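What follows is the content of start_0.txt (compact mmCIF, C-alpha atoms).
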# COMPACT_ATOMS: atom_id res chain seq x y z
CA MET A 1 24.25 -80.26 43.75
CA ILE A 2 26.42 -80.65 40.65
CA ILE A 3 26.00 -78.73 37.41
CA ASP A 4 27.67 -80.01 34.26
CA ALA A 5 28.48 -76.76 32.48
CA HIS A 6 29.58 -78.29 29.18
CA GLN A 7 27.89 -81.13 27.32
CA HIS A 8 26.72 -81.77 23.78
CA PHE A 9 23.99 -83.59 21.87
CA TRP A 10 24.03 -84.20 18.14
CA ARG A 11 22.17 -86.13 15.47
CA VAL A 12 24.39 -87.08 12.56
CA ASP A 13 21.66 -86.91 9.91
CA ARG A 14 21.17 -83.20 10.58
CA GLY A 15 24.25 -82.75 8.41
CA ASP A 16 25.65 -79.44 9.65
CA TYR A 17 28.51 -80.69 11.82
CA ASP A 18 31.46 -80.02 9.53
CA TRP A 19 33.89 -81.78 11.85
CA LEU A 20 31.72 -84.86 12.44
CA THR A 21 32.84 -87.41 9.84
CA PRO A 22 33.62 -91.13 10.07
CA ALA A 23 37.15 -90.07 11.00
CA ALA A 24 35.70 -88.97 14.36
CA GLY A 25 35.51 -92.63 15.31
CA ALA A 26 33.38 -93.32 18.37
CA LEU A 27 31.83 -89.86 18.14
CA TYR A 28 30.34 -90.56 14.73
CA ARG A 29 26.89 -91.52 15.94
CA ASP A 30 23.91 -89.83 17.53
CA PHE A 31 24.20 -88.72 21.15
CA ALA A 32 20.90 -87.86 22.81
CA ALA A 33 19.30 -87.20 26.17
CA ALA A 34 18.54 -90.89 26.61
CA ASP A 35 22.29 -91.59 26.53
CA LEU A 36 23.20 -88.91 29.08
CA ALA A 37 20.32 -89.14 31.55
CA PRO A 38 21.46 -92.40 33.24
CA LEU A 39 24.93 -90.92 33.75
CA LEU A 40 23.46 -87.83 35.40
CA ALA A 41 21.20 -89.88 37.65
CA HIS A 42 24.11 -92.07 38.75
CA THR A 43 26.39 -89.12 39.55
CA ASN A 44 23.77 -86.80 41.11
CA VAL A 45 24.37 -84.15 38.45
CA ARG A 46 21.26 -82.00 38.73
CA GLY A 47 21.49 -79.96 35.58
CA THR A 48 23.53 -79.29 32.46
CA LEU A 49 24.49 -76.56 30.03
CA LEU A 50 24.01 -77.76 26.45
CA VAL A 51 26.70 -76.35 24.14
CA GLN A 52 26.60 -75.98 20.36
CA ALA A 53 28.53 -78.36 18.13
CA ALA A 54 27.68 -76.94 14.69
CA ALA A 55 28.29 -73.48 13.25
CA THR A 56 24.65 -72.93 12.31
CA GLU A 57 21.69 -71.18 13.87
CA GLU A 58 19.58 -74.18 12.83
CA GLU A 59 21.46 -76.32 15.32
CA THR A 60 20.88 -73.74 18.05
CA HIS A 61 17.13 -73.95 17.43
CA TYR A 62 17.43 -77.75 17.62
CA LEU A 63 19.14 -77.37 21.01
CA PHE A 64 16.31 -75.09 22.18
CA GLU A 65 13.84 -77.88 21.38
CA LEU A 66 15.88 -80.33 23.45
CA ALA A 67 16.25 -77.88 26.33
CA HIS A 68 12.50 -77.34 26.55
CA LYS A 69 11.88 -81.10 26.35
CA HIS A 70 14.37 -82.27 28.97
CA ALA A 71 14.24 -80.69 32.41
CA PHE A 72 17.86 -81.36 33.27
CA VAL A 73 19.04 -79.03 30.47
CA LYS A 74 19.15 -75.69 32.25
CA GLY A 75 20.43 -73.63 29.36
CA VAL A 76 21.95 -73.52 25.89
CA VAL A 77 25.16 -71.98 24.58
CA GLY A 78 24.34 -71.45 20.92
CA TRP A 79 25.94 -70.11 17.77
CA THR A 80 25.44 -67.21 15.40
CA GLU A 81 27.59 -65.53 12.77
CA PHE A 82 29.39 -62.81 14.76
CA ALA A 83 30.77 -61.34 11.53
CA ALA A 84 27.33 -60.83 9.94
CA THR A 85 26.30 -57.23 9.35
CA ASP A 86 23.03 -57.96 11.15
CA ALA A 87 24.66 -59.85 14.02
CA ALA A 88 22.92 -57.74 16.68
CA ASP A 89 19.50 -58.51 15.20
CA ARG A 90 20.34 -62.20 14.92
CA ILE A 91 21.33 -62.35 18.58
CA ALA A 92 18.11 -60.59 19.62
CA GLN A 93 16.09 -63.07 17.56
CA LEU A 94 17.88 -66.06 19.07
CA LYS A 95 17.36 -64.72 22.58
CA ASN A 96 13.64 -64.40 21.86
CA ALA A 97 13.43 -67.83 20.22
CA GLY A 98 15.14 -69.47 23.17
CA ALA A 99 12.34 -68.38 25.51
CA GLY A 100 14.70 -68.21 28.47
CA LYS A 101 17.00 -71.07 27.46
CA LEU A 102 19.71 -69.12 25.60
CA LYS A 103 22.47 -68.44 28.12
CA GLY A 104 25.47 -67.82 25.89
CA LEU A 105 26.98 -67.85 22.42
CA ARG A 106 30.07 -69.58 21.10
CA PRO A 107 31.74 -68.80 17.78
CA MET A 108 33.98 -71.76 16.99
CA ILE A 109 37.18 -69.73 17.15
CA GLN A 110 39.49 -72.75 17.21
CA ASP A 111 38.34 -73.60 13.67
CA ILE A 112 38.86 -70.10 12.23
CA ALA A 113 42.14 -69.81 10.31
CA ASP A 114 42.98 -66.26 11.44
CA PRO A 115 44.30 -66.39 15.04
CA ASP A 116 43.47 -62.69 15.45
CA TRP A 117 39.86 -62.99 14.24
CA VAL A 118 38.29 -62.45 17.65
CA GLN A 119 39.73 -58.93 18.03
CA GLU A 120 38.58 -57.65 14.62
CA PRO A 121 36.63 -54.33 14.96
CA HIS A 122 33.81 -55.48 12.68
CA LEU A 123 32.78 -57.92 15.44
CA ASP A 124 32.15 -55.13 17.97
CA ALA A 125 28.38 -55.01 17.36
CA ALA A 126 28.02 -58.73 18.03
CA PHE A 127 29.90 -58.53 21.33
CA ASP A 128 27.93 -55.44 22.34
CA ALA A 129 24.73 -57.42 21.69
CA VAL A 130 25.96 -60.32 23.82
CA ILE A 131 26.36 -57.86 26.69
CA ALA A 132 23.04 -56.14 26.01
CA HIS A 133 21.15 -59.45 26.15
CA ASP A 134 22.93 -60.59 29.33
CA LEU A 135 24.57 -63.56 27.64
CA VAL A 136 27.90 -65.28 28.18
CA PHE A 137 30.63 -65.44 25.54
CA ASP A 138 32.09 -68.95 25.54
CA ALA A 139 35.62 -68.70 24.15
CA LEU A 140 36.61 -71.89 22.33
CA VAL A 141 40.27 -71.00 21.89
CA ARG A 142 43.75 -72.44 21.86
CA PRO A 143 46.88 -70.73 23.23
CA ARG A 144 47.56 -69.09 19.85
CA HIS A 145 44.36 -67.06 20.33
CA PHE A 146 45.07 -65.81 23.85
CA ASN A 147 46.60 -62.46 22.94
CA ALA A 148 43.77 -61.50 20.57
CA LEU A 149 41.18 -62.72 23.09
CA LYS A 150 42.72 -60.57 25.81
CA LYS A 151 42.49 -57.49 23.58
CA ARG A 152 38.82 -58.25 22.84
CA LEU A 153 37.93 -58.66 26.51
CA GLN A 154 39.76 -55.49 27.47
CA ARG A 155 37.60 -53.58 24.97
CA HIS A 156 34.46 -55.06 26.56
CA PRO A 157 35.01 -55.12 30.33
CA LYS A 158 31.32 -55.93 30.95
CA LEU A 159 31.43 -59.04 28.76
CA ARG A 160 30.95 -62.21 30.82
CA THR A 161 33.42 -64.65 29.30
CA VAL A 162 34.18 -68.30 30.00
CA ILE A 163 37.26 -69.87 28.44
CA ASP A 164 36.42 -73.41 27.35
CA HIS A 165 38.58 -76.41 28.25
CA GLY A 166 41.25 -74.48 30.09
CA GLY A 167 42.27 -72.84 26.83
CA LYS A 168 43.18 -76.27 25.38
CA PRO A 169 46.81 -76.71 26.49
CA ASP A 170 48.79 -79.27 24.47
CA ILE A 171 49.20 -81.64 27.39
CA ALA A 172 50.13 -84.60 25.20
CA HIS A 173 53.25 -82.79 23.99
CA ALA A 174 54.20 -81.07 27.26
CA GLY A 175 52.95 -77.71 26.02
CA PHE A 176 52.89 -76.14 29.47
CA ASP A 177 55.18 -73.10 29.44
CA LEU A 178 53.74 -70.89 26.70
CA TRP A 179 50.15 -71.81 27.62
CA ALA A 180 50.82 -71.09 31.29
CA LEU A 181 52.40 -67.69 30.70
CA HIS A 182 49.65 -66.37 28.47
CA LEU A 183 46.83 -67.90 30.52
CA GLU A 184 48.17 -66.11 33.59
CA ARG A 185 48.18 -62.79 31.76
CA LEU A 186 44.67 -63.41 30.46
CA ALA A 187 43.41 -64.18 33.95
CA GLN A 188 45.15 -61.20 35.54
CA GLU A 189 44.17 -58.64 32.93
CA THR A 190 40.54 -59.66 32.34
CA GLU A 191 37.56 -60.87 34.36
CA ALA A 192 37.22 -64.14 32.39
CA TYR A 193 36.25 -67.45 33.94
CA CYS A 194 37.74 -70.80 32.95
CA LYS A 195 36.18 -74.22 32.42
CA LEU A 196 37.76 -77.26 34.01
CA SER A 197 36.82 -79.44 31.08
CA GLY A 198 38.24 -81.02 27.96
CA LEU A 199 41.69 -81.64 29.44
CA LEU A 200 41.73 -85.42 29.10
CA THR A 201 41.28 -85.23 25.36
CA GLU A 202 44.23 -82.82 25.13
CA ALA A 203 46.44 -85.29 27.02
CA ALA A 204 48.11 -88.49 25.88
CA PRO A 205 46.08 -91.71 26.09
CA GLY A 206 45.97 -93.09 29.62
CA ALA A 207 46.72 -89.73 31.26
CA THR A 208 46.58 -89.80 35.05
CA ILE A 209 45.76 -87.28 37.74
CA ASP A 210 49.48 -86.59 38.08
CA ASP A 211 49.70 -85.76 34.37
CA LEU A 212 46.86 -83.23 34.63
CA ALA A 213 47.67 -81.80 38.05
CA PRO A 214 50.23 -79.15 36.93
CA TYR A 215 47.73 -77.76 34.43
CA VAL A 216 44.81 -77.78 36.85
CA ASP A 217 46.93 -76.30 39.60
CA HIS A 218 47.92 -73.46 37.27
CA ILE A 219 44.30 -72.82 36.27
CA PHE A 220 43.38 -72.39 39.93
CA ALA A 221 46.49 -70.30 40.62
CA CYS A 222 45.52 -67.95 37.78
CA PHE A 223 41.77 -67.68 38.20
CA GLY A 224 41.14 -68.59 41.83
CA ALA A 225 38.55 -71.16 42.79
CA GLU A 226 35.74 -68.65 42.36
CA ARG A 227 36.38 -68.32 38.59
CA VAL A 228 36.63 -72.00 37.65
CA ILE A 229 33.65 -74.04 36.38
CA TRP A 230 33.50 -77.81 35.88
CA GLY A 231 32.16 -79.44 32.73
CA SER A 232 32.23 -82.97 31.36
CA ASP A 233 32.61 -82.21 27.64
CA TRP A 234 30.49 -85.32 27.12
CA PRO A 235 30.43 -87.16 24.76
CA VAL A 236 33.84 -85.91 23.52
CA VAL A 237 35.33 -87.11 26.82
CA ASN A 238 34.57 -90.65 25.67
CA LEU A 239 37.55 -90.43 23.31
CA ALA A 240 39.84 -90.52 26.34
CA SER A 241 37.79 -91.85 29.25
CA ASN A 242 34.14 -91.74 30.37
CA TYR A 243 31.76 -89.52 32.30
CA PHE A 244 32.23 -91.27 35.67
CA ALA A 245 36.02 -91.42 35.50
CA TRP A 246 36.41 -87.76 34.48
CA LEU A 247 34.08 -86.56 37.25
CA ASP A 248 36.00 -88.62 39.83
CA MET A 249 39.30 -87.33 38.48
CA ALA A 250 38.06 -83.74 38.52
CA ARG A 251 36.90 -84.10 42.13
CA ALA A 252 40.30 -85.43 43.12
CA LEU A 253 42.08 -82.63 41.27
CA VAL A 254 39.95 -79.95 42.90
CA ALA A 255 40.56 -81.51 46.31
CA ARG A 256 44.30 -81.38 45.61
CA CYS A 257 44.53 -77.97 43.93
CA ALA A 258 41.68 -75.99 45.50
CA PRO A 259 40.52 -77.58 48.77
CA ASN A 260 36.99 -76.68 49.89
CA ALA A 261 36.10 -75.22 46.49
CA ASP A 262 33.76 -78.04 45.41
CA ALA A 263 30.51 -76.12 45.82
CA ALA A 264 31.67 -73.29 43.58
CA VAL A 265 33.51 -75.31 40.92
CA PHE A 266 30.88 -78.04 40.55
CA GLY A 267 27.80 -75.86 40.47
CA GLY A 268 27.61 -72.54 42.23
CA THR A 269 29.70 -70.51 39.83
CA ALA A 270 27.97 -71.96 36.76
CA VAL A 271 24.57 -71.04 38.17
CA SER A 272 25.74 -67.49 38.82
CA VAL A 273 27.68 -66.84 35.62
CA TYR A 274 25.16 -68.41 33.21
CA ARG A 275 22.10 -67.12 35.11
CA LEU A 276 20.75 -70.66 35.54
CA ASP A 277 17.73 -71.56 37.58
CA SER A 278 19.16 -73.39 40.57
CA PRO A 279 18.01 -77.02 40.57
CA GLN A 280 18.84 -77.70 44.20
CA HIS A 281 15.23 -77.69 45.39
CA ALA A 282 13.77 -79.52 42.39
CA GLU A 283 13.75 -83.25 41.80
CA ILE A 284 14.23 -84.27 38.17
CA ASP A 285 12.51 -87.36 36.81
CA PHE A 286 15.28 -88.77 34.60
CA THR A 287 13.10 -91.76 33.67
CA ARG A 288 11.08 -89.47 31.39
CA THR A 289 14.14 -89.36 29.14
CA LEU A 290 14.92 -93.08 29.03
Any chance you could put this one into structure tokens?
Amino acid sequence: MIIDAHQHFWRVDRGDYDWLTPAAGALYRDFAAADLAPLLAHTNVRGTLLVQAAATEEETHYLFELAHKHAFVKGVVGWTEFAATDAADRIAQLKNAGAGKLKGLRPMIQDIADPDWVQEPHLDAAFDAVIAHDLVFDALVRPRHFNALKKRLQRHPKLRTVIDHGGKPDIAHAGFDLWALHLERLAQETEAYCKLSGLLTEAAPGATIDDLAPYVDHIFACFGAERVIWGSDWPVVNLASNYFAWLDMARALVARCAPNADAAVFGGTAVSVYRLDSPQHAEIDFTRTL
């Protein structure tokens, strides 16, 4: 059983993806369930977590529609305005609208100019609501956000947090040292989890297992195998590779850096952390999506 804990769908004509312009190259087109389903069937991935790509609640409702339509989508990580004065009410409304599909929320912190934004006191009500509704906080951050993120998590010890894409180390420019130091502190001083995802697109073109291994080894050294979760970051991964190649590379990296941890990294921990219905006893008819 494999769970892909980080994938996206988008439809360009929806118009609320600020980052999705012709400059995005191969990503500037629609990506839908019909594109992903054959990849899942071929790799025996039994379920996915569908993650927001636009900073609007309208997109989150769109993702709910897709999650209810396609059985392989086990949950949605959506978006709401954490800084809104009615953030707690908005989160309650989204939880209700999701009808069981909302599993987490992700403010797009990497795109916010202030690196300290996440620790601002006026966001407390939103984070309290995430806890109250048993949701996960997906932290889309870069190393410059680590200190502020640590302070936020220390104020909310019950907040289930998953750091996306290993905290986005600058692999292409050998940005190991500062990332590694602060990631270690974040792992030691909080209960956060970390996604083994998005690393290929942070590396130079043609990156190999050997190029990624020091970063992956450090992620496992910091978090332990029980706090690491695999995701494809499809279709963004297509900028650097493809679904099959990244899954094969991730398997090889886990075998090298955390032997015997496959069951947890590639499914078990995602099911537990995101409160997913386990798909291991259910057969999914992918042809319904084609």
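Closest approach to His68 of chain A from the set A:Ala203, A:Ala97, A:Ala92, A:Leu123 is made by A:Ala97, with distances taken over only C-alpha atoms.
Taking atom CA of Glu226 of chain A as the reference point, atom CA of Asp4 of chain A is found at 16.1 Å.
Relative to atom CA of Phe31 of chain A, atom CA of Glu65 of chain A is found at 15.0 Å.
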Worksheet item: If you count only C-alpha atoms, which residues fall within 6 Å of segment 34-50 of chain A, apart from same-chain ones fewer than 3 positions away, as a PyMOL selection string?
Response: chain A and resi 2-8+72-76+286+289-290
Those same residues, written as an mmCIF file, keeping the file's coordinate frame with C-alpha atoms?
data_model
loop_
_atom_site.group_PDB
_atom_site.id
_atom_site.type_symbol
_atom_site.label_atom_id
_atom_site.label_comp_id
_atom_site.auth_asym_id
_atom_site.auth_seq_id
_atom_site.Cartn_x
_atom_site.Cartn_y
_atom_site.Cartn_z
ATOM 1 C CA ILE A 2 26.420 -80.650 40.650
ATOM 2 C CA ILE A 3 26.000 -78.730 37.410
ATOM 3 C CA ASP A 4 27.670 -80.010 34.260
ATOM 4 C CA ALA A 5 28.480 -76.760 32.480
ATOM 5 C CA HIS A 6 29.580 -78.290 29.180
ATOM 6 C CA GLN A 7 27.890 -81.130 27.320
ATOM 7 C CA HIS A 8 26.720 -81.770 23.780
ATOM 8 C CA PHE A 72 17.860 -81.360 33.270
ATOM 9 C CA VAL A 73 19.040 -79.030 30.470
ATOM 10 C CA LYS A 74 19.150 -75.690 32.250
ATOM 11 C CA GLY A 75 20.430 -73.630 29.360
ATOM 12 C CA VAL A 76 21.950 -73.520 25.890
ATOM 13 C CA PHE A 286 15.280 -88.770 34.600
ATOM 14 C CA THR A 289 14.140 -89.360 29.140
ATOM 15 C CA LEU A 290 14.920 -93.080 29.030
#
Practice prompt. Just give me the gap between atom CA of Asp89 of chain A and atom CA of Glu59 of chain A in Å, one decimal is fine.
Written response: 17.9 Å
Worksheet item: Quick one: residues within 8 Å of Arg11 of chain A, all atoms listed in the file counted, chain neighbours fewer than 5 positions away excluded, as a ChimeraX atom specification?
Response: /A:29-32
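For the residues A:Ala221, A:Ala255, A:Ala71, A:Leu196, ranking by smallest atom-to-atom distance to Leu181 of chain A using all atoms listed in the file places A:Ala221 first.
Among the candidates A:Lys103, A:Arg251, A:His173, A:Arg142, the residue lying nearest to Ala207 of chain A is A:His173 (atoms considered: only C-alpha atoms).
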Neighbours of point (40.6, -77.9, 28.4) within 12 Å, using all atoms listed in the file, written as a PDB file with C-alpha atoms, in the coordinates of the input:
ATOM      1  CA  HIS A   6      29.580 -78.290  29.180  1.00  0.00           C
ATOM      2  CA  ALA A 139      35.620 -68.700  24.150  1.00  0.00           C
ATOM      3  CA  LEU A 140      36.610 -71.890  22.330  1.00  0.00           C
ATOM      4  CA  VAL A 141      40.270 -71.000  21.890  1.00  0.00           C
ATOM      5  CA  ARG A 142      43.750 -72.440  21.860  1.00  0.00           C
ATOM      6  CA  PRO A 143      46.880 -70.730  23.230  1.00  0.00           C
ATOM      7  CA  VAL A 162      34.180 -68.300  30.000  1.00  0.00           C
ATOM      8  CA  ILE A 163      37.260 -69.870  28.440  1.00  0.00           C
ATOM      9  CA  ASP A 164      36.420 -73.410  27.350  1.00  0.00           C
ATOM     10  CA  HIS A 165      38.580 -76.410  28.250  1.00  0.00           C
ATOM     11  CA  GLY A 166      41.250 -74.480  30.090  1.00  0.00           C
ATOM     12  CA  GLY A 167      42.270 -72.840  26.830  1.00  0.00           C
ATOM     13  CA  LYS A 168      43.180 -76.270  25.380  1.00  0.00           C
ATOM     14  CA  PRO A 169      46.810 -76.710  26.490  1.00  0.00           C
ATOM     15  CA  ASP A 170      48.790 -79.270  24.470  1.00  0.00           C
ATOM     16  CA  ILE A 171      49.200 -81.640  27.390  1.00  0.00           C
ATOM     17  CA  TRP A 179      50.150 -71.810  27.620  1.00  0.00           C
ATOM     18  CA  LEU A 183      46.830 -67.900  30.520  1.00  0.00           C
ATOM     19  CA  CYS A 194      37.740 -70.800  32.950  1.00  0.00           C
ATOM     20  CA  LYS A 195      36.180 -74.220  32.420  1.00  0.00           C
ATOM     21  CA  LEU A 196      37.760 -77.260  34.010  1.00  0.00           C
ATOM     22  CA  SER A 197      36.820 -79.440  31.080  1.00  0.00           C
ATOM     23  CA  GLY A 198      38.240 -81.020  27.960  1.00  0.00           C
ATOM     24  CA  LEU A 199      41.690 -81.640  29.440  1.00  0.00           C
ATOM     25  CA  LEU A 200      41.730 -85.420  29.100  1.00  0.00           C
ATOM     26  CA  THR A 201      41.280 -85.230  25.360  1.00  0.00           C
ATOM     27  CA  GLU A 202      44.230 -82.820  25.130  1.00  0.00           C
ATOM     28  CA  ALA A 203      46.440 -85.290  27.020  1.00  0.00           C
ATOM     29  CA  LEU A 212      46.860 -83.230  34.630  1.00  0.00           C
ATOM     30  CA  TYR A 215      47.730 -77.760  34.430  1.00  0.00           C
ATOM     31  CA  VAL A 216      44.810 -77.780  36.850  1.00  0.00           C
ATOM     32  CA  ILE A 219      44.300 -72.820  36.270  1.00  0.00           C
ATOM     33  CA  VAL A 228      36.630 -72.000  37.650  1.00  0.00           C
ATOM     34  CA  ILE A 229      33.650 -74.040  36.380  1.00  0.00           C
ATOM     35  CA  TRP A 230      33.500 -77.810  35.880  1.00  0.00           C
ATOM     36  CA  GLY A 231      32.160 -79.440  32.730  1.00  0.00           C
ATOM     37  CA  SER A 232      32.230 -82.970  31.360  1.00  0.00           C
ATOM     38  CA  ASP A 233      32.610 -82.210  27.640  1.00  0.00           C
ATOM     39  CA  VAL A 236      33.840 -85.910  23.520  1.00  0.00           C
ATOM     40  CA  VAL A 237      35.330 -87.110  26.820  1.00  0.00           C
ATOM     41  CA  ALA A 250      38.060 -83.740  38.520  1.00  0.00           C
TER      42      ALA A 250
END
Discussion item. Residues within 8 Å of segment 104-113 of chain A, please, as a PyMOL selection string. Count all atoms listed in the file; anything in the same chain fewer than 6 positions from it doesn't count.
Written reply: chain A and resi 52+55+76-82+130+135-142+274
Go ahead and fit an axis-aligned box to every listed atom of segment 47-50 of chain A plus 5 Å each side, and pass me the centre and edge lengths in Å, one decimal, as AutoDock Vina command-line options.
--center_x 23.0 --center_y -78.3 --center_z 31.0 --size_x 13.0 --size_y 13.4 --size_z 19.1
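Between His218 of chain A and the candidates A:Leu239, A:Val254, A:Ala245, A:Leu276, the tightest atom-to-atom separation, counting all atoms listed in the file, involves A:Val254.
When only C-alpha atoms are used to measure the gap to Gln93 of chain A, the shortest distance among A:Thr269, A:Ser278, A:Asn238, A:Thr60 belongs to A:Thr60.
By all atoms listed in the file, and with residues fewer than 5 positions from Pro214 of chain A along its chain excluded, the set lying at most 10 Å from it is A:Ile171, A:Phe176, A:Ala180, A:Ile209, A:Ile219, A:Leu253, A:Cys257.
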